[in-house]
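One file, structure.txt, is given below (compact mmCIF, C-alpha atoms and all ligand atoms).
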```
# COMPACT_ATOMS: atom_id res chain seq x y z
CA MET A 53 -47.69 -125.91 -18.57
CA THR A 54 -50.10 -128.10 -16.68
CA ALA A 55 -52.97 -130.03 -18.15
CA HIS A 56 -55.34 -127.69 -16.34
CA VAL A 57 -54.19 -124.50 -17.97
CA ASP A 58 -57.05 -122.66 -19.70
CA GLU A 59 -56.69 -123.47 -23.36
CA LEU A 60 -56.93 -119.75 -24.10
CA THR A 61 -54.28 -118.61 -21.62
CA PRO A 62 -52.15 -116.19 -23.62
CA TYR A 63 -48.37 -116.53 -23.83
CA GLY A 64 -46.92 -114.40 -21.05
CA GLY A 65 -43.84 -113.57 -19.05
CA VAL A 66 -42.35 -110.98 -21.41
CA THR A 67 -42.35 -107.24 -20.77
CA ALA A 68 -42.67 -104.92 -23.74
CA ASP A 69 -39.53 -102.92 -22.89
CA ALA A 70 -36.84 -101.42 -25.13
CA ALA A 71 -34.87 -104.68 -25.28
CA TRP A 72 -38.00 -106.52 -26.41
CA ALA A 73 -38.68 -103.91 -29.09
CA GLU A 74 -35.12 -104.14 -30.36
CA GLU A 75 -35.24 -107.94 -30.49
CA VAL A 76 -38.60 -107.89 -32.30
CA ARG A 77 -37.23 -105.46 -34.90
CA ARG A 78 -34.05 -107.51 -35.35
CA LEU A 79 -35.95 -110.78 -35.81
CA ALA A 80 -38.40 -109.14 -38.21
CA ARG A 81 -35.50 -107.95 -40.38
CA GLU A 82 -33.91 -111.38 -40.23
CA ARG A 83 -37.16 -113.00 -41.42
CA ASP A 84 -37.85 -110.29 -44.01
CA ALA A 85 -41.15 -109.78 -42.22
CA VAL A 86 -43.62 -106.91 -42.19
CA LEU A 87 -45.48 -106.53 -38.88
CA LEU A 88 -49.16 -105.66 -39.13
CA ALA A 89 -51.40 -104.87 -36.17
CA HIS A 90 -55.15 -104.53 -36.06
CA ASN A 91 -56.57 -101.47 -34.30
CA TYR A 92 -57.87 -103.61 -31.45
CA GLN A 93 -54.48 -105.00 -30.53
CA LEU A 94 -52.72 -104.17 -27.26
CA PRO A 95 -51.09 -100.69 -27.39
CA GLU A 96 -47.54 -102.14 -27.25
CA ILE A 97 -48.27 -104.35 -30.24
CA GLN A 98 -49.73 -101.40 -32.18
CA GLU A 99 -46.61 -99.39 -31.36
CA ILE A 100 -44.12 -101.97 -32.62
CA ALA A 101 -46.02 -102.73 -35.85
CA ASP A 102 -45.03 -101.36 -39.25
CA HIS A 103 -48.70 -100.68 -40.00
CA THR A 104 -51.84 -100.47 -37.87
CA GLY A 105 -55.31 -100.53 -39.39
CA ASP A 106 -58.45 -102.54 -40.05
CA SER A 107 -58.32 -106.05 -41.38
CA LEU A 108 -58.89 -105.37 -45.04
CA ALA A 109 -56.57 -102.40 -45.24
CA LEU A 110 -53.88 -104.50 -43.60
CA SER A 111 -54.43 -107.37 -46.01
CA ARG A 112 -53.97 -104.98 -48.90
CA ILE A 113 -50.79 -103.57 -47.41
CA ALA A 114 -49.60 -107.14 -46.95
CA ALA A 115 -50.30 -107.97 -50.59
CA SER A 116 -48.43 -104.93 -51.88
CA SER A 117 -45.49 -105.25 -49.48
CA ASP A 118 -42.12 -106.51 -50.70
CA ALA A 119 -41.64 -108.53 -47.52
CA SER A 120 -41.75 -112.29 -48.00
CA THR A 121 -43.29 -112.87 -44.55
CA ILE A 122 -46.35 -111.24 -43.03
CA VAL A 123 -46.78 -111.32 -39.27
CA PHE A 124 -50.45 -110.58 -38.70
CA CYS A 125 -51.21 -109.37 -35.18
CA GLY A 126 -54.96 -109.85 -35.16
CA VAL A 127 -57.38 -112.74 -35.13
CA HIS A 128 -57.23 -115.86 -37.27
CA PHE A 129 -59.71 -115.00 -40.03
CA MET A 130 -57.74 -111.79 -40.67
CA ALA A 131 -54.49 -113.67 -41.11
CA GLU A 132 -56.34 -116.08 -43.41
CA THR A 133 -57.58 -113.16 -45.50
CA ALA A 134 -53.99 -111.93 -45.81
CA LYS A 135 -52.98 -115.42 -46.97
CA ILE A 136 -55.87 -115.52 -49.46
CA LEU A 137 -54.69 -112.23 -50.98
CA SER A 138 -50.98 -113.16 -50.76
CA PRO A 139 -50.84 -116.91 -51.41
CA ASP A 140 -47.11 -116.93 -52.16
CA LYS A 141 -46.09 -115.25 -48.92
CA THR A 142 -45.52 -116.85 -45.56
CA VAL A 143 -48.23 -115.63 -43.18
CA LEU A 144 -47.69 -115.96 -39.43
CA ILE A 145 -50.10 -115.21 -36.59
CA PRO A 146 -48.44 -114.97 -33.17
CA ASP A 147 -51.13 -117.18 -31.61
CA ALA A 148 -53.36 -119.30 -33.84
CA ARG A 149 -55.84 -119.76 -31.00
CA ALA A 150 -56.92 -116.14 -31.47
CA GLY A 151 -60.30 -116.85 -33.03
CA CYS A 152 -63.44 -114.76 -33.48
CA SER A 153 -66.86 -115.62 -32.10
CA LEU A 154 -68.54 -113.94 -35.05
CA ALA A 155 -66.53 -115.87 -37.64
CA ASP A 156 -67.22 -119.05 -35.66
CA SER A 157 -70.97 -118.50 -35.76
CA ILE A 158 -71.26 -120.09 -39.20
CA THR A 159 -69.34 -123.03 -40.67
CA ALA A 160 -68.94 -123.88 -44.35
CA GLU A 161 -71.15 -126.94 -43.78
CA GLN A 162 -73.94 -124.83 -42.27
CA LEU A 163 -73.67 -122.37 -45.14
CA ARG A 164 -73.91 -125.19 -47.71
CA GLU A 165 -77.07 -126.45 -45.99
CA TRP A 166 -78.56 -122.94 -45.97
CA LYS A 167 -77.76 -122.52 -49.68
CA ALA A 168 -79.44 -125.84 -50.42
CA GLN A 169 -82.65 -124.47 -48.84
CA HIS A 170 -82.51 -121.38 -51.10
CA PRO A 171 -81.38 -122.45 -54.55
CA GLY A 172 -80.43 -119.51 -56.75
CA ALA A 173 -79.84 -117.15 -53.82
CA VAL A 174 -76.75 -114.96 -53.78
CA VAL A 175 -74.58 -115.34 -50.66
CA VAL A 176 -73.17 -112.16 -49.14
CA SER A 177 -70.75 -112.68 -46.25
CA TYR A 178 -69.16 -110.21 -43.95
CA VAL A 179 -65.35 -110.34 -43.94
CA ASN A 180 -65.43 -111.82 -40.43
CA THR A 181 -65.67 -115.35 -41.79
CA THR A 182 -63.29 -118.25 -42.25
CA ALA A 183 -61.63 -118.90 -45.61
CA GLU A 184 -63.91 -121.92 -46.09
CA VAL A 185 -67.02 -119.79 -45.64
CA LYS A 186 -65.61 -117.17 -48.01
CA ALA A 187 -65.08 -119.95 -50.56
CA GLU A 188 -68.85 -120.71 -50.36
CA THR A 189 -69.68 -117.00 -50.70
CA ASP A 190 -70.59 -115.07 -53.85
CA ILE A 191 -69.64 -111.60 -52.61
CA CYS A 192 -67.88 -110.55 -49.42
CA CYS A 193 -68.66 -107.23 -47.77
CA THR A 194 -67.51 -104.97 -44.99
CA SER A 195 -69.98 -102.99 -42.92
CA SER A 196 -68.99 -99.89 -44.91
CA ASN A 197 -70.10 -101.34 -48.24
CA ALA A 198 -72.65 -104.00 -47.23
CA VAL A 199 -75.56 -101.86 -48.44
CA ASP A 200 -73.89 -101.22 -51.84
CA VAL A 201 -73.07 -104.89 -52.25
CA VAL A 202 -76.66 -105.99 -51.56
CA ALA A 203 -78.07 -103.18 -53.73
CA SER A 204 -75.95 -104.46 -56.65
CA ILE A 205 -77.88 -107.75 -56.67
CA PRO A 206 -81.02 -107.81 -58.87
CA PRO A 207 -84.06 -107.03 -56.65
CA GLU A 208 -85.88 -110.27 -57.47
CA THR A 209 -82.91 -112.46 -56.44
CA GLU A 210 -82.91 -113.90 -52.93
CA VAL A 211 -79.94 -112.94 -50.75
CA LEU A 212 -78.44 -114.93 -47.90
CA PHE A 213 -76.59 -112.61 -45.54
CA CYS A 214 -74.18 -113.93 -42.91
CA PRO A 215 -72.93 -114.09 -40.23
CA ASP A 216 -73.74 -110.82 -38.41
CA GLN A 217 -77.41 -110.36 -37.59
CA PHE A 218 -77.05 -106.67 -36.64
CA LEU A 219 -75.36 -105.73 -39.88
CA GLY A 220 -77.92 -107.86 -41.74
CA ALA A 221 -80.80 -106.03 -40.03
CA HIS A 222 -79.19 -102.68 -40.88
CA VAL A 223 -78.82 -103.66 -44.55
CA LYS A 224 -82.37 -104.97 -44.70
CA ARG A 225 -83.74 -101.74 -43.27
CA VAL A 226 -81.73 -99.51 -45.60
CA THR A 227 -82.40 -101.52 -48.77
CA GLY A 228 -86.03 -102.29 -47.82
CA ARG A 229 -85.50 -105.76 -49.20
CA ASP A 230 -87.89 -108.53 -48.13
CA ASN A 231 -85.98 -111.34 -49.80
CA LEU A 232 -82.86 -110.87 -47.64
CA HIS A 233 -82.39 -113.76 -45.22
CA ILE A 234 -80.18 -113.14 -42.21
CA TRP A 235 -78.01 -115.61 -40.29
CA ALA A 236 -78.33 -115.20 -36.50
CA GLY A 237 -74.63 -114.72 -35.69
CA GLU A 238 -73.10 -112.09 -33.45
CA CYS A 239 -69.86 -110.96 -31.86
CA HIS A 240 -69.83 -111.85 -28.17
CA VAL A 241 -67.95 -108.64 -27.35
CA HIS A 242 -70.38 -106.26 -28.92
CA ALA A 243 -73.51 -107.98 -27.93
CA GLY A 244 -72.54 -106.09 -24.72
CA ILE A 245 -73.04 -102.67 -26.35
CA ASN A 246 -76.79 -102.61 -26.00
CA GLY A 247 -79.47 -100.04 -26.74
CA PRO A 248 -80.32 -98.82 -23.22
CA GLU A 249 -76.61 -98.51 -22.36
CA LEU A 250 -75.83 -96.57 -25.50
CA ALA A 251 -78.87 -94.30 -25.05
CA GLU A 252 -78.05 -93.76 -21.36
CA ARG A 253 -74.44 -92.82 -22.05
CA ALA A 254 -75.46 -90.47 -24.86
CA ALA A 255 -78.14 -88.82 -22.66
CA ALA A 256 -75.67 -88.33 -19.80
CA ASP A 257 -73.25 -86.54 -22.11
CA PRO A 258 -75.46 -84.73 -24.64
CA ASP A 259 -72.61 -82.66 -26.13
CA ALA A 260 -70.43 -85.66 -26.85
CA ASP A 261 -70.00 -87.03 -30.32
CA LEU A 262 -70.61 -90.74 -30.77
CA PHE A 263 -68.05 -92.51 -32.95
CA ILE A 264 -69.02 -95.87 -34.32
CA HIS A 265 -66.42 -97.86 -36.17
CA PRO A 266 -68.05 -100.13 -38.69
CA GLU A 267 -65.34 -102.75 -39.14
CA CYS A 268 -64.71 -106.04 -37.41
CA GLY A 269 -68.30 -106.80 -36.56
CA CYS A 270 -67.64 -104.94 -33.41
CA ALA A 271 -69.94 -102.00 -33.84
CA THR A 272 -72.73 -103.42 -35.90
CA SER A 273 -75.14 -103.53 -32.97
CA ALA A 274 -74.44 -99.83 -32.38
CA LEU A 275 -74.93 -99.21 -36.08
CA TYR A 276 -78.32 -100.84 -35.82
CA LEU A 277 -79.29 -98.86 -32.73
CA ALA A 278 -78.31 -95.58 -34.34
CA GLY A 279 -80.58 -96.44 -37.25
CA GLU A 280 -83.39 -97.27 -34.82
CA GLY A 281 -83.15 -93.77 -33.33
CA ALA A 282 -81.91 -94.98 -29.91
CA VAL A 283 -79.41 -92.11 -30.00
CA PRO A 284 -79.65 -88.69 -31.71
CA ALA A 285 -78.72 -89.10 -35.36
CA GLU A 286 -76.75 -85.85 -35.65
CA LYS A 287 -74.34 -86.96 -32.94
CA VAL A 288 -73.69 -90.33 -34.49
CA LYS A 289 -70.70 -90.64 -36.78
CA ILE A 290 -70.28 -93.95 -38.53
CA LEU A 291 -66.63 -93.86 -39.44
CA SER A 292 -63.92 -96.10 -40.78
CA THR A 293 -60.68 -96.18 -38.82
CA GLY A 294 -58.97 -93.56 -40.94
CA ASP A 295 -62.02 -91.31 -40.94
CA MET A 296 -62.39 -91.75 -37.19
CA LEU A 297 -58.87 -90.46 -36.64
CA THR A 298 -59.53 -87.54 -39.02
CA ALA A 299 -62.80 -86.73 -37.24
CA ALA A 300 -61.01 -86.86 -33.88
CA ARG A 301 -58.63 -84.15 -35.10
CA GLN A 302 -61.47 -82.03 -36.50
CA THR A 303 -64.34 -82.30 -34.02
CA GLN A 304 -65.29 -79.39 -31.79
CA ALA A 305 -66.64 -81.79 -29.18
CA GLU A 306 -64.77 -81.97 -25.90
CA SER A 307 -65.77 -85.54 -25.34
CA VAL A 308 -66.42 -88.46 -27.62
CA LEU A 309 -68.16 -91.71 -26.81
CA VAL A 310 -66.64 -94.60 -28.72
CA ALA A 311 -68.83 -97.60 -29.46
CA THR A 312 -66.41 -100.26 -30.46
CA GLU A 313 -63.70 -102.54 -29.13
CA VAL A 314 -61.72 -100.61 -26.51
CA GLY A 315 -58.38 -101.05 -28.32
CA MET A 316 -59.41 -98.26 -30.71
CA LEU A 317 -59.06 -95.72 -27.87
CA HIS A 318 -55.27 -95.96 -28.09
CA GLN A 319 -55.12 -94.58 -31.64
CA LEU A 320 -57.77 -91.92 -30.91
CA ARG A 321 -56.03 -90.59 -27.81
CA LYS A 322 -52.80 -90.37 -29.74
CA ALA A 323 -54.54 -88.45 -32.53
CA ALA A 324 -56.30 -85.93 -30.26
CA PRO A 325 -54.92 -85.94 -26.71
CA GLU A 326 -57.08 -82.95 -25.66
CA ILE A 327 -60.35 -84.83 -26.22
CA ASP A 328 -61.90 -87.03 -23.57
CA PHE A 329 -62.48 -90.33 -25.39
CA ARG A 330 -64.59 -92.79 -23.46
CA ALA A 331 -65.76 -96.26 -24.27
CA VAL A 332 -69.52 -96.76 -24.34
CA ASN A 333 -68.78 -100.12 -22.76
CA ASP A 334 -65.46 -100.59 -20.95
CA ARG A 335 -65.96 -104.32 -21.05
CA ALA A 336 -65.99 -104.36 -24.84
CA SER A 337 -62.59 -105.94 -25.00
CA CYS A 338 -61.97 -108.92 -27.25
CA ARG A 339 -60.02 -111.63 -25.44
CA TYR A 340 -58.98 -113.12 -28.76
CA MET A 341 -57.43 -109.86 -29.93
CA LYS A 342 -55.59 -109.58 -26.63
CA MET A 343 -54.01 -113.01 -27.05
CA ILE A 344 -51.38 -111.42 -29.26
CA THR A 345 -49.07 -110.55 -26.37
CA PRO A 346 -45.44 -109.36 -26.43
CA ALA A 347 -44.44 -112.96 -25.58
CA ALA A 348 -46.55 -114.37 -28.42
CA LEU A 349 -45.01 -111.98 -30.94
CA LEU A 350 -41.48 -112.82 -29.84
CA ARG A 351 -42.18 -116.54 -30.06
CA SER A 352 -43.74 -116.09 -33.49
CA LEU A 353 -40.66 -114.35 -34.87
CA ARG A 354 -38.21 -116.76 -33.22
CA GLU A 355 -39.97 -119.96 -34.22
CA GLY A 356 -41.75 -118.96 -37.42
CA ALA A 357 -45.04 -119.83 -35.72
CA ASP A 358 -48.00 -120.11 -36.09
CA GLU A 359 -48.05 -120.43 -39.85
CA VAL A 360 -51.41 -119.88 -41.54
CA HIS A 361 -52.31 -122.25 -44.36
CA VAL A 362 -55.29 -122.09 -46.70
CA ALA A 363 -55.80 -124.88 -49.26
CA PRO A 364 -55.09 -123.41 -52.73
CA GLU A 365 -58.52 -124.28 -54.18
CA THR A 366 -60.27 -122.78 -51.12
CA ALA A 367 -58.08 -119.68 -51.38
CA ALA A 368 -58.86 -119.26 -55.08
CA LYS A 369 -62.63 -119.40 -54.49
CA ALA A 370 -62.39 -117.14 -51.44
CA ARG A 371 -60.28 -114.67 -53.41
CA ASP A 372 -63.04 -114.41 -56.03
CA SER A 373 -65.60 -113.41 -53.40
CA VAL A 374 -63.25 -110.80 -51.96
CA ARG A 375 -62.47 -109.45 -55.47
CA ARG A 376 -66.18 -109.08 -56.27
CA MET A 377 -66.56 -107.00 -53.14
CA VAL A 378 -63.70 -104.72 -54.16
CA GLU A 379 -65.25 -104.28 -57.64
CA ILE A 380 -68.61 -103.16 -56.24
CA GLY A 381 -67.90 -100.41 -53.80
CA THR A 382 -65.48 -98.89 -51.38
CA PRO A 383 -64.83 -101.65 -48.91
CA GLY A 384 -64.10 -99.26 -46.12
CA GLY A 385 -61.41 -97.25 -44.58
CA GLY A 386 -57.82 -98.00 -44.09
CA GLU A 387 -55.56 -96.76 -41.41
S1 LIG B 401 -64.25 -108.13 -31.30
FE1 LIG B 401 -65.84 -109.60 -31.94
S2 LIG B 401 -65.87 -109.53 -34.18
FE2 LIG B 401 -63.94 -108.55 -33.49
S3 LIG B 401 -62.46 -110.25 -33.50
FE3 LIG B 401 -63.28 -110.14 -31.41
S4 LIG B 401 -64.97 -111.63 -31.43
FE4 LIG B 401 -64.49 -111.19 -33.56
```
What's the structure tokens form of this structure?
Amino acid sequence: MTAHVDELTPYGGVTADAAWAEEVRRLARERDAVLLAHNYQLPEIQEIADHTGDSLALSRIAASSDASTIVFCGVHFMAETAKILSPDKTVLIPDARAGCSLADSITAEQLREWKAQHPGAVVVSYVNTTAEVKAETDICCTSSNAVDVVASIPPETEVLFCPDQFLGAHVKRVTGRDNLHIWAGECHVHAGINGPELAERAAADPDADLFIHPECGCATSALYLAGEGAVPAEKVKILSTGDMLTAARQTQAESVLVATEVGMLHQLRKAAPEIDFRAVNDRASCRYMKMITPAALLRSLREGADEVHVAPETAAKARDSVRRMVEIGTPGGGE
């Protein structure tokens, strides 16, 4: 490696062939590891994984698994969440540089400052946050249950909602709450799925269904636009991963527009090969997600790298905010 290599250049040079798959399986057995892959991973990573799903569903599978090691093929905050829920297990991410622009849009320090400006406010954070931000949070939420979580807070209490501004705007509109303050964060990938584009694609294909996956921060701008009436409401299906796959098998539509990270198309095409699934935005691909390459996974299993650590006191506080979320409503779909 030279000093000029892009710091986000993924590990490469390995082909995902049968020998690779066999070696990955052998090393996973040797390490007593369960392999988990997020829906937005590369198809070959999804194929080799023991389980594919959204971040929270995977964290729960990780916690209930007998395996002593979790290899989390996703981005860093997801692996951290698995560690928070499974503090006694070894959690590996094949490339720790796989971050998330949405999670990075608020730090624990910024959140502490914001809280100081609104004493007594309840902090609601989307799951796309670091462990340190979760530790400063009262209740976590997913986009599936964000409205329920906010509605569970007494109406006169101020709410600080972070980090996704689109999800925050959606929640504010649905709850009609004036005392909800929204942090101006966003996912760089899905800032690209904009209103005119979504409306144009839907108008060009009026018989197509529009599937919007509410996890990962990826579709929250689409969620917002659907609520604004930018696309016909009856065509819009806001679905968790599992429900999206079920809907793909059940829909009468010949084509479906998918407003989320393009990795989801792999699972959908497998579920319903006769349907023409198209991305609303082909460029909606997360470079962080795609850093988990076949080479990175092999290295992870060989070297036991990169291990994810969360300080025990931070993990304990973060766990409380995740538990409160689970107590309030359905946090969203699984696989
Ligand atoms: S797609 Fe966006 S929200 Fe999802 S991991 Fe990538 S940067 Fe984060």
* May I ask you to write as a PyMOL selection string all residues lying at most 7 Å from ligand LIG 401 (chain B), with only C-alpha atoms and all ligand atoms counted? => chain A and resi 127+151-155+180+239-242+268-270+313+337-341
* Asked: Please, what distance in Å, to one decimal, runs between CA of Ser111 (chain A) and CA of Thr181 (chain A)?
  -> 14.4 Å
* Asked: Counting all atoms listed in the file, what is within 10 Å of Asp334 (chain A), bar same-chain residues fewer than 3 positions away, as number ranges by chain?
  -> A: 244-245, 310-314, 330-331, 337
* Mind listing as a ChimeraX atom specification all residues within 12 Å of (-74.1, -107.7, -42.9), counting all atoms listed in the file? -> /A:154,175-181,191-202,211-227,232-238,266-273,275-276
Go ahead and write the residues just picked, C-alpha atoms, as an mmCIF file, in the frame of the given file.
```cif
data_model
loop_
_atom_site.group_PDB
_atom_site.id
_atom_site.type_symbol
_atom_site.label_atom_id
_atom_site.label_comp_id
_atom_site.auth_asym_id
_atom_site.auth_seq_id
_atom_site.Cartn_x
_atom_site.Cartn_y
_atom_site.Cartn_z
ATOM 1 C CA LEU A 154 -68.540 -113.940 -35.050
ATOM 2 C CA VAL A 175 -74.580 -115.340 -50.660
ATOM 3 C CA VAL A 176 -73.170 -112.160 -49.140
ATOM 4 C CA SER A 177 -70.750 -112.680 -46.250
ATOM 5 C CA TYR A 178 -69.160 -110.210 -43.950
ATOM 6 C CA VAL A 179 -65.350 -110.340 -43.940
ATOM 7 C CA ASN A 180 -65.430 -111.820 -40.430
ATOM 8 C CA THR A 181 -65.670 -115.350 -41.790
ATOM 9 C CA ILE A 191 -69.640 -111.600 -52.610
ATOM 10 C CA CYS A 192 -67.880 -110.550 -49.420
ATOM 11 C CA CYS A 193 -68.660 -107.230 -47.770
ATOM 12 C CA THR A 194 -67.510 -104.970 -44.990
ATOM 13 C CA SER A 195 -69.980 -102.990 -42.920
ATOM 14 C CA SER A 196 -68.990 -99.890 -44.910
ATOM 15 C CA ASN A 197 -70.100 -101.340 -48.240
ATOM 16 C CA ALA A 198 -72.650 -104.000 -47.230
ATOM 17 C CA VAL A 199 -75.560 -101.860 -48.440
ATOM 18 C CA ASP A 200 -73.890 -101.220 -51.840
ATOM 19 C CA VAL A 201 -73.070 -104.890 -52.250
ATOM 20 C CA VAL A 202 -76.660 -105.990 -51.560
ATOM 21 C CA VAL A 211 -79.940 -112.940 -50.750
ATOM 22 C CA LEU A 212 -78.440 -114.930 -47.900
ATOM 23 C CA PHE A 213 -76.590 -112.610 -45.540
ATOM 24 C CA CYS A 214 -74.180 -113.930 -42.910
ATOM 25 C CA PRO A 215 -72.930 -114.090 -40.230
ATOM 26 C CA ASP A 216 -73.740 -110.820 -38.410
ATOM 27 C CA GLN A 217 -77.410 -110.360 -37.590
ATOM 28 C CA PHE A 218 -77.050 -106.670 -36.640
ATOM 29 C CA LEU A 219 -75.360 -105.730 -39.880
ATOM 30 C CA GLY A 220 -77.920 -107.860 -41.740
ATOM 31 C CA ALA A 221 -80.800 -106.030 -40.030
ATOM 32 C CA HIS A 222 -79.190 -102.680 -40.880
ATOM 33 C CA VAL A 223 -78.820 -103.660 -44.550
ATOM 34 C CA LYS A 224 -82.370 -104.970 -44.700
ATOM 35 C CA ARG A 225 -83.740 -101.740 -43.270
ATOM 36 C CA VAL A 226 -81.730 -99.510 -45.600
ATOM 37 C CA THR A 227 -82.400 -101.520 -48.770
ATOM 38 C CA LEU A 232 -82.860 -110.870 -47.640
ATOM 39 C CA HIS A 233 -82.390 -113.760 -45.220
ATOM 40 C CA ILE A 234 -80.180 -113.140 -42.210
ATOM 41 C CA TRP A 235 -78.010 -115.610 -40.290
ATOM 42 C CA ALA A 236 -78.330 -115.200 -36.500
ATOM 43 C CA GLY A 237 -74.630 -114.720 -35.690
ATOM 44 C CA GLU A 238 -73.100 -112.090 -33.450
ATOM 45 C CA PRO A 266 -68.050 -100.130 -38.690
ATOM 46 C CA GLU A 267 -65.340 -102.750 -39.140
ATOM 47 C CA CYS A 268 -64.710 -106.040 -37.410
ATOM 48 C CA GLY A 269 -68.300 -106.800 -36.560
ATOM 49 C CA CYS A 270 -67.640 -104.940 -33.410
ATOM 50 C CA ALA A 271 -69.940 -102.000 -33.840
ATOM 51 C CA THR A 272 -72.730 -103.420 -35.900
ATOM 52 C CA SER A 273 -75.140 -103.530 -32.970
ATOM 53 C CA LEU A 275 -74.930 -99.210 -36.080
ATOM 54 C CA TYR A 276 -78.320 -100.840 -35.820
#
```
* For the atom pair CA of His90 (chain A) and CA of Asp190 (chain A), what is the interatomic distance in Å to one decimal place? ->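 That distance, rounded to one decimal, is 25.8 Å.
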* Leaving out region 59-70 of chain A and any residue of its chain fewer than 6 positions from it, which residues lie within 12 Å of it when counting all atoms listed in the file, given as a PyMOL selection string? -> chain A and resi 53+76-77+94-100+146-151+339-352
Save out the residues we just selected, C-alpha atoms, as a PDB file, in the coordinates of the input.
```pdb
ATOM      1  CA  MET A  53     -47.690-125.910 -18.570  1.00  0.00           C
ATOM      2  CA  VAL A  76     -38.600-107.890 -32.300  1.00  0.00           C
ATOM      3  CA  ARG A  77     -37.230-105.460 -34.900  1.00  0.00           C
ATOM      4  CA  LEU A  94     -52.720-104.170 -27.260  1.00  0.00           C
ATOM      5  CA  PRO A  95     -51.090-100.690 -27.390  1.00  0.00           C
ATOM      6  CA  GLU A  96     -47.540-102.140 -27.250  1.00  0.00           C
ATOM      7  CA  ILE A  97     -48.270-104.350 -30.240  1.00  0.00           C
ATOM      8  CA  GLN A  98     -49.730-101.400 -32.180  1.00  0.00           C
ATOM      9  CA  GLU A  99     -46.610 -99.390 -31.360  1.00  0.00           C
ATOM     10  CA  ILE A 100     -44.120-101.970 -32.620  1.00  0.00           C
ATOM     11  CA  PRO A 146     -48.440-114.970 -33.170  1.00  0.00           C
ATOM     12  CA  ASP A 147     -51.130-117.180 -31.610  1.00  0.00           C
ATOM     13  CA  ALA A 148     -53.360-119.300 -33.840  1.00  0.00           C
ATOM     14  CA  ARG A 149     -55.840-119.760 -31.000  1.00  0.00           C
ATOM     15  CA  ALA A 150     -56.920-116.140 -31.470  1.00  0.00           C
ATOM     16  CA  GLY A 151     -60.300-116.850 -33.030  1.00  0.00           C
ATOM     17  CA  ARG A 339     -60.020-111.630 -25.440  1.00  0.00           C
ATOM     18  CA  TYR A 340     -58.980-113.120 -28.760  1.00  0.00           C
ATOM     19  CA  MET A 341     -57.430-109.860 -29.930  1.00  0.00           C
ATOM     20  CA  LYS A 342     -55.590-109.580 -26.630  1.00  0.00           C
ATOM     21  CA  MET A 343     -54.010-113.010 -27.050  1.00  0.00           C
ATOM     22  CA  ILE A 344     -51.380-111.420 -29.260  1.00  0.00           C
ATOM     23  CA  THR A 345     -49.070-110.550 -26.370  1.00  0.00           C
ATOM     24  CA  PRO A 346     -45.440-109.360 -26.430  1.00  0.00           C
ATOM     25  CA  ALA A 347     -44.440-112.960 -25.580  1.00  0.00           C
ATOM     26  CA  ALA A 348     -46.550-114.370 -28.420  1.00  0.00           C
ATOM     27  CA  LEU A 349     -45.010-111.980 -30.940  1.00  0.00           C
ATOM     28  CA  LEU A 350     -41.480-112.820 -29.840  1.00  0.00           C
ATOM     29  CA  ARG A 351     -42.180-116.540 -30.060  1.00  0.00           C
ATOM     30  CA  SER A 352     -43.740-116.090 -33.490  1.00  0.00           C
TER      31      SER A 352
END
```
* Which neighbours of Glu286 (chain A) fall inside 12 Å, counting all atoms listed in the file, when residues of the same chain fewer than 2 positions from it are skipped, and could you give them as a VMD selection string? -> chain A and resid 254 258 to 263 278 to 279 281 to 284 288 to 290
* Asked: When distances are computed from all atoms listed in the file, which of A:Thr209, A:Ala323, A:Met316, A:Asn231 shows the smallest separation from Thr298 (chain A)?
  ->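 Selected residue with least distance to Thr298 (chain A): A:Ala323.
The shortest atom-to-atom distance to Lys167 (chain A), with only C-alpha atoms taken into account, belongs to A:Val185 out of A:Val185, A:Asp102, A:Ser117, A:Pro325.
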* Asked: So how far away is CA of Thr303 (chain A) from CA of Ala324 (chain A), in Å?
  -> 9.6 Å
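Considering all atoms listed in the file, the residue among A:Thr159, A:Gln169, A:Thr142, A:Gln302 positioned nearest to Asp358 (chain A) is A:Thr142.
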